[in-house]
$ cat start12.cif   # mmCIF, C-alpha atoms
data_input
loop_
_atom_site.label_atom_id
_atom_site.label_comp_id
_atom_site.auth_asym_id
_atom_site.auth_seq_id
_atom_site.Cartn_x
_atom_site.Cartn_y
_atom_site.Cartn_z
CA MET X 1 103.72 121.09 119.78
CA ALA X 2 105.82 122.21 122.73
CA GLY X 3 104.56 120.90 126.02
CA VAL X 4 102.95 117.79 124.52
CA GLN X 5 103.59 114.76 126.70
CA PRO X 6 102.75 111.24 125.62
CA PRO X 7 101.01 109.49 128.50
CA PRO X 8 102.35 106.24 129.93
CA LEU X 9 101.45 102.89 128.45
CA ARG X 10 98.75 101.35 130.67
CA SER X 11 99.25 97.80 131.85
CA LEU X 12 97.70 94.96 129.86
CA ASP X 13 95.87 93.98 133.04
CA ASP X 14 94.23 97.40 133.26
CA PHE X 15 93.65 97.65 129.50
CA LEU X 16 92.14 94.24 128.75
CA LEU X 17 92.59 91.59 131.41
CA ILE X 18 91.61 90.97 135.04
CA SER X 19 91.15 94.46 136.49
CA ALA X 20 89.45 95.79 133.33
CA ARG X 21 85.70 96.27 133.65
CA PHE X 22 83.50 96.32 130.59
CA ALA X 23 79.81 97.09 130.10
CA VAL X 24 77.58 97.82 127.15
CA PRO X 25 76.97 101.58 126.97
CA ASP X 26 73.51 103.02 127.40
CA VAL X 27 72.67 104.00 123.82
CA ARG X 28 69.74 106.11 125.03
CA ASP X 29 72.10 108.53 126.80
CA LEU X 30 74.38 109.65 123.96
CA ASP X 31 76.09 112.38 126.00
CA ARG X 32 77.21 109.93 128.66
CA TRP X 33 78.36 107.44 126.01
CA ASN X 34 80.29 110.22 124.23
CA HIS X 35 81.99 111.23 127.52
CA ARG X 36 82.96 107.62 128.17
CA ILE X 37 84.53 107.30 124.72
CA ILE X 38 86.42 110.59 124.94
CA ASN X 39 87.73 109.93 128.43
CA ASN X 40 88.84 106.41 127.54
CA LEU X 41 90.51 107.74 124.38
CA LEU X 42 92.47 110.18 126.53
CA TYR X 43 93.38 107.68 129.26
CA TYR X 44 94.33 104.69 127.06
CA GLN X 45 95.74 106.67 124.13
CA SER X 46 99.20 105.09 124.29
CA ASN X 47 97.65 101.62 124.27
CA TYR X 48 95.39 102.58 121.36
CA PHE X 49 98.27 104.04 119.36
CA LEU X 50 100.38 100.93 119.98
CA SER X 51 97.51 98.58 119.00
CA ALA X 52 96.79 100.56 115.83
CA LEU X 53 100.51 100.65 114.99
CA ILE X 54 100.78 96.87 115.31
CA LEU X 55 97.81 96.41 112.97
CA LEU X 56 99.20 99.01 110.55
CA LEU X 57 102.62 97.36 110.49
CA THR X 58 101.05 93.95 109.90
CA VAL X 59 99.02 95.21 106.95
CA GLY X 60 101.91 97.39 105.76
CA TYR X 61 104.19 94.37 105.69
CA MET X 62 101.77 92.54 103.40
CA ARG X 63 100.66 95.49 101.20
CA PRO X 64 102.99 98.46 101.71
CA PHE X 65 102.05 100.52 98.62
CA GLN X 66 98.30 100.24 99.11
CA LEU X 67 98.64 101.12 102.79
CA LEU X 68 100.71 104.16 101.90
CA VAL X 69 98.09 105.31 99.37
CA GLY X 70 95.32 104.75 101.92
CA GLY X 71 97.20 106.60 104.63
CA VAL X 72 97.87 109.58 102.36
CA VAL X 73 94.22 109.76 101.29
CA VAL X 74 92.89 109.61 104.86
CA THR X 75 95.46 112.14 106.10
CA VAL X 76 94.73 114.61 103.29
CA LEU X 77 90.97 114.31 103.81
CA PHE X 78 91.28 114.67 107.59
CA LEU X 79 93.49 117.74 107.29
CA GLY X 80 91.13 119.19 104.68
CA PHE X 81 88.20 118.64 107.03
CA VAL X 82 90.00 120.28 109.95
CA TRP X 83 91.00 123.24 107.74
CA ALA X 84 87.42 123.62 106.43
CA ALA X 85 86.03 123.42 109.97
CA GLU X 86 88.39 126.14 111.16
CA ASN X 87 87.49 128.45 108.26
CA GLN X 88 83.78 127.73 107.72
CA ALA X 89 81.32 128.29 110.58
CA PRO X 90 78.65 125.79 109.36
CA ILE X 91 81.21 123.00 109.11
CA ARG X 92 82.61 123.93 112.53
CA ARG X 93 79.10 123.68 114.08
CA PHE X 94 78.48 120.36 112.33
CA ARG X 95 81.81 118.99 113.58
CA ARG X 96 81.04 120.05 117.14
CA ASN X 97 77.43 118.81 117.14
CA HIS X 98 78.01 115.56 115.24
CA PRO X 99 81.55 114.29 115.88
CA SER X 100 80.83 110.63 115.12
CA ILE X 101 79.13 111.53 111.83
CA SER X 102 82.14 113.69 110.96
CA VAL X 103 84.59 110.81 111.52
CA CYS X 104 82.32 108.41 109.59
CA ALA X 105 82.10 110.92 106.71
CA ILE X 106 85.89 111.21 106.56
CA LEU X 107 86.22 107.42 106.52
CA LEU X 108 83.47 107.00 103.90
CA ILE X 109 84.96 109.61 101.57
CA SER X 110 88.39 108.01 102.11
CA TYR X 111 86.90 104.65 101.22
CA LEU X 112 85.39 106.05 98.02
CA PHE X 113 88.69 107.63 96.94
CA ILE X 114 90.65 104.49 97.74
CA SER X 115 88.14 102.25 95.95
CA VAL X 116 88.77 104.32 92.84
CA LEU X 117 92.52 104.02 93.38
CA GLY X 118 92.34 100.34 94.41
CA GLY X 119 93.26 98.78 97.71
CA VAL X 120 89.86 98.73 99.44
CA ALA X 121 90.75 95.69 101.54
CA VAL X 122 93.96 97.34 102.66
CA PHE X 123 91.99 100.41 103.73
CA LEU X 124 89.46 98.34 105.65
CA PHE X 125 92.01 96.26 107.54
CA GLY X 126 94.86 98.74 107.81
CA ILE X 127 93.05 101.96 108.65
CA ALA X 128 89.35 101.47 109.41
CA PHE X 129 89.70 98.27 111.47
CA PRO X 130 92.13 99.77 114.03
CA ILE X 131 89.84 102.81 114.39
CA LEU X 132 86.84 100.50 114.87
CA MET X 133 88.67 98.45 117.52
CA VAL X 134 89.69 101.60 119.41
CA LEU X 135 86.12 102.97 119.35
CA VAL X 136 84.62 99.64 120.47
CA HIS X 137 87.07 99.36 123.39
CA ALA X 138 86.54 103.00 124.37
CA SER X 139 82.77 102.45 124.25
CA VAL X 140 82.61 99.40 126.48
CA ARG X 141 85.49 100.04 128.93
CA LEU X 142 84.22 101.45 132.22
CA ARG X 143 86.29 104.26 133.68
CA SER X 144 88.30 103.87 136.89
CA LEU X 145 89.13 106.51 139.50
CA LYS X 146 92.66 106.83 138.09
CA ASN X 147 91.18 107.31 134.61
CA LYS X 148 88.94 110.13 135.85
CA LEU X 149 91.82 111.86 137.68
CA GLU X 150 94.13 111.75 134.63
CA ASN X 151 91.35 113.15 132.43
CA LYS X 152 90.78 116.04 134.84
CA LEU X 153 94.47 116.95 134.61
CA GLU X 154 94.19 116.88 130.80
CA SER X 155 91.02 118.98 130.78
CA ILE X 156 92.42 121.76 132.97
CA GLY X 157 95.48 122.00 130.76
CA LEU X 158 98.12 120.64 133.10
CA LYS X 159 98.95 117.95 130.57
CA ARG X 160 98.79 118.15 126.78
CA THR X 161 98.71 114.81 125.00
CA PRO X 162 98.52 113.73 121.35
CA MET X 163 94.95 112.39 121.76
CA GLY X 164 93.90 115.64 123.43
CA ILE X 165 95.19 117.56 120.41
CA LEU X 166 93.41 115.15 118.02
CA LEU X 167 90.13 115.47 119.95
CA GLU X 168 90.54 119.24 119.93
CA ALA X 169 90.94 119.12 116.13
CA LEU X 170 87.68 117.16 115.96
CA GLY X 171 85.92 119.79 118.07
CA GLN X 172 85.62 117.70 121.23
CA GLU X 173 87.80 119.73 123.59
CA GLN X 174 84.81 120.85 125.66
CA GLU X 175 83.82 117.22 126.24
CA ALA X 176 87.14 116.00 127.58
CA GLY X 177 87.29 115.62 131.31
CA SER X 178 83.58 115.90 131.94
#
$ encode --input "start12.cif" --output "structure tokens"
Amino acid sequence: MAGVQPPPLRSLDDFLLISARFAVPDVRDLDRWNHRIINNLLYYQSNYFLSALILLLTVGYMRPFQLLVGGVVVTVLFLGFVWAAENQAPIRRFRRNHPSISVCAILLISYLFISVLGGVAVFLFGIAFPILMVLVHASVRLRSLKNKLENKLESIGLKRTPMGILLEALGQEQEAGS
């Protein structure tokens, strides 16, 4: 983890307000939509982590034990998926070719485990809802010139960030910066 630098928190104006530009993505061009999501995830990662943390803390304040159980289940399943993808070629190809299906599968299996353990509502609002909000924002936020420049620095390896490492674990390192 040496050399990992958290990026700066982007201004609220740039993230959501006046200077932010939003547009519905072209669902017919999945590659372009995927690039937009990945590049926005890299550029706004500090804002996304902060937003998710606020939602997690809110839910954790109301239902701490259920949130802990949900977090452990999702973490164990995600780490198991990453381990399987690193050690099994068919899973690695599936992860690379179908990243959104992979994330949805992890969330669905997590949901099934948590529904058996109880705390489905906590899972939905504490874990899945923040992920959904991040993906919706990353899908509709148009990229700026500064966004593109920062992503190029990340893609050529001058900067290593937490989101870059997470995307790499999901098999999306070749997409970043394009």
$ resolve_selection --input "start12.cif" --expression "the PyMOL selection byres ((chain X and resi 128-134) around 8)" --output "list in words"
Leu41, Tyr48, Ser51, Ala52, Leu55, Leu56, Leu107, Phe123, Leu124, Phe125, Gly126, Ile127, Leu135, Val136, His137 and Ala138 of chain X
$ atom_distance --input "start12.cif" --atom1 "CA of Leu142 in chain X" --atom2 "CA of Asn97 in chain X"
24.0 Å
$ resolve_selection --input "start12.cif" --expression "the PyMOL selection byres ((chain X and resi 23-33) around 9)" --output "list of chain:residue names"
X:Arg21, X:Phe22, X:Asn34, X:His35, X:Arg36, X:Ile37, X:Ile38, X:Ser139, X:Val140, X:Arg141, X:Leu142
$ closest_residue --input "start12.cif" --among "X:Leu79, X:Leu53, X:Leu170, X:Ile165" --to "Ser100 in chain X" --atoms "all atoms listed in the file"
X:Leu170
$ closest_residue --input "start12.cif" --among "X:Ala84, X:Leu42, X:Ala89, X:Leu57" --to "Glu168 in chain X" --atoms "only C-alpha atoms"
X:Leu42
$ atom_distance --input "start12.cif" --atom1 "CA of Pro99 in chain X" --atom2 "CA of Ser144 in chain X"
24.4 Å
$ residues_around --input "start12.cif" --residues "Phe81 in chain X" --least-positions-apart "2" --cutoff "12 Å" --atoms "all atoms listed in the file" --output "list in words"
Val74, Thr75, Val76, Leu77, Phe78, Leu79, Trp83, Ala84, Ala85, Glu86, Asn87, Gln88, Ile91, Arg92, Phe94, Arg95, Pro99, Ser102, Val103, Ala105, Ile106, Leu107, Ile109, Ser110, Ala169, Leu170 and Gly171 of chain X
$ atom_distance --input "start12.cif" --atom1 "CA of Ser115 in chain X" --atom2 "CA of Val72 in chain X"
13.8 Å
$ resolve_selection --input "start12.cif" --expression "the PyMOL selection byres ((chain X and resi 5) around 8)" --output "ChimeraX atom specification"
/X:3-4,6-7,159-162
$ axis_aligned_box --input "start12.cif" --around "range 49-65 of chain X" --padding-each-side "8 Å" --output "lines of an AutoDock Vina configuration file"
center_x = 100.5
center_y = 98.3
center_z = 109.3
size_x = 23.4
size_y = 27.5
size_z = 37.4
$ closest_residue --input "start12.cif" --among "X:Leu9, X:Gln45, X:Ile54, X:Phe113" --to "Val69 in chain X" --atoms "all atoms listed in the file"
X:Phe113
$ closest_residue --input "start12.cif" --among "X:Pro8, X:Gln66, X:Asp13, X:Val82" --to "Asn47 in chain X" --atoms "only C-alpha atoms"
X:Pro8
$ build_atoms --input "start12.cif" --residues "range 39-50 of chain X" --atoms "all heavy atoms" --output "tab-separated table (two decimals), in the frame of the given file"
chain	number	residue	atom	x	y	z
X	39	ASN	N	86.86	110.11	127.27
X	39	ASN	CA	87.73	109.93	128.43
X	39	ASN	C	88.58	108.68	128.32
X	39	ASN	O	89.75	108.68	128.70
X	39	ASN	CB	86.92	109.95	129.72
X	39	ASN	CG	86.44	111.35	130.05
X	39	ASN	OD1	87.24	112.27	130.09
X	39	ASN	ND2	85.15	111.52	130.23
X	40	ASN	N	88.02	107.60	127.76
X	40	ASN	CA	88.84	106.41	127.54
X	40	ASN	C	89.88	106.65	126.46
X	40	ASN	O	91.00	106.14	126.55
X	40	ASN	CB	87.95	105.20	127.19
X	40	ASN	CG	87.33	104.57	128.42
X	40	ASN	OD1	87.90	104.62	129.50
X	40	ASN	ND2	86.16	104.00	128.25
X	41	LEU	N	89.53	107.40	125.42
X	41	LEU	CA	90.51	107.74	124.38
X	41	LEU	C	91.68	108.50	124.98
X	41	LEU	O	92.84	108.27	124.63
X	41	LEU	CB	89.86	108.56	123.27
X	41	LEU	CG	88.94	107.82	122.32
X	41	LEU	CD1	88.25	108.80	121.38
X	41	LEU	CD2	89.69	106.75	121.54
X	42	LEU	N	91.40	109.41	125.89
X	42	LEU	CA	92.47	110.18	126.53
X	42	LEU	C	93.31	109.31	127.47
X	42	LEU	O	94.54	109.41	127.48
X	42	LEU	CB	91.89	111.36	127.30
X	42	LEU	CG	91.34	112.50	126.45
X	42	LEU	CD1	90.56	113.48	127.32
X	42	LEU	CD2	92.46	113.20	125.70
X	43	TYR	N	92.66	108.46	128.24
X	43	TYR	CA	93.38	107.68	129.26
X	43	TYR	C	94.21	106.55	128.64
X	43	TYR	O	95.35	106.32	129.03
X	43	TYR	CB	92.39	107.11	130.27
X	43	TYR	CG	93.04	106.41	131.42
X	43	TYR	CD1	93.75	107.13	132.38
X	43	TYR	CD2	92.97	105.03	131.56
X	43	TYR	CE1	94.36	106.49	133.44
X	43	TYR	CE2	93.57	104.39	132.62
X	43	TYR	CZ	94.27	105.11	133.56
X	43	TYR	OH	94.87	104.49	134.60
X	44	TYR	N	93.66	105.85	127.66
X	44	TYR	CA	94.33	104.69	127.06
X	44	TYR	C	94.99	105.02	125.73
X	44	TYR	O	95.28	104.13	124.94
X	44	TYR	CB	93.33	103.54	126.86
X	44	TYR	CG	92.83	102.96	128.14
X	44	TYR	CD1	91.51	103.15	128.54
X	44	TYR	CD2	93.66	102.23	128.98
X	44	TYR	CE1	91.03	102.62	129.72
X	44	TYR	CE2	93.20	101.71	130.17
X	44	TYR	CZ	91.89	101.90	130.53
X	44	TYR	OH	91.42	101.38	131.71
X	45	GLN	N	95.26	106.29	125.45
X	45	GLN	CA	95.74	106.67	124.13
X	45	GLN	C	97.03	105.98	123.73
X	45	GLN	O	97.20	105.59	122.58
X	45	GLN	CB	95.85	108.17	124.00
X	45	GLN	CG	96.83	108.83	124.94
X	45	GLN	CD	96.76	110.33	124.85
X	45	GLN	OE1	97.21	110.89	123.86
X	45	GLN	NE2	96.20	110.97	125.86
X	46	SER	N	97.95	105.78	124.64
X	46	SER	CA	99.20	105.09	124.29
X	46	SER	C	98.92	103.65	123.89
X	46	SER	O	99.50	103.14	122.93
X	46	SER	CB	100.18	105.13	125.45
X	46	SER	OG	100.59	106.47	125.69
X	47	ASN	N	98.02	102.99	124.62
X	47	ASN	CA	97.65	101.62	124.27
X	47	ASN	C	96.96	101.57	122.91
X	47	ASN	O	97.21	100.66	122.12
X	47	ASN	CB	96.73	101.03	125.34
X	47	ASN	CG	97.42	100.91	126.67
X	47	ASN	OD1	97.74	101.91	127.29
X	47	ASN	ND2	97.65	99.69	127.12
X	48	TYR	N	96.09	102.55	122.65
X	48	TYR	CA	95.39	102.58	121.36
X	48	TYR	C	96.37	102.83	120.22
X	48	TYR	O	96.29	102.19	119.17
X	48	TYR	CB	94.30	103.64	121.36
X	48	TYR	CG	93.13	103.34	122.28
X	48	TYR	CD1	92.49	104.37	122.96
X	48	TYR	CD2	92.67	102.05	122.47
X	48	TYR	CE1	91.42	104.11	123.79
X	48	TYR	CE2	91.60	101.77	123.31
X	48	TYR	CZ	90.98	102.82	123.97
X	48	TYR	OH	89.92	102.56	124.80
X	49	PHE	N	97.29	103.77	120.40
X	49	PHE	CA	98.27	104.04	119.36
X	49	PHE	C	99.14	102.82	119.09
X	49	PHE	O	99.43	102.49	117.95
X	49	PHE	CB	99.14	105.25	119.72
X	49	PHE	CG	98.45	106.58	119.58
X	49	PHE	CD1	98.58	107.53	120.57
X	49	PHE	CD2	97.68	106.89	118.47
X	49	PHE	CE1	97.96	108.76	120.47
X	49	PHE	CE2	97.05	108.12	118.36
X	49	PHE	CZ	97.18	109.06	119.35
X	50	LEU	N	99.56	102.12	120.14
X	50	LEU	CA	100.38	100.93	119.98
X	50	LEU	C	99.60	99.82	119.27
X	50	LEU	O	100.12	99.17	118.36
X	50	LEU	CB	100.89	100.44	121.34
X	50	LEU	CG	101.79	99.20	121.30
X	50	LEU	CD1	103.07	99.50	120.52
X	50	LEU	CD2	102.13	98.75	122.72
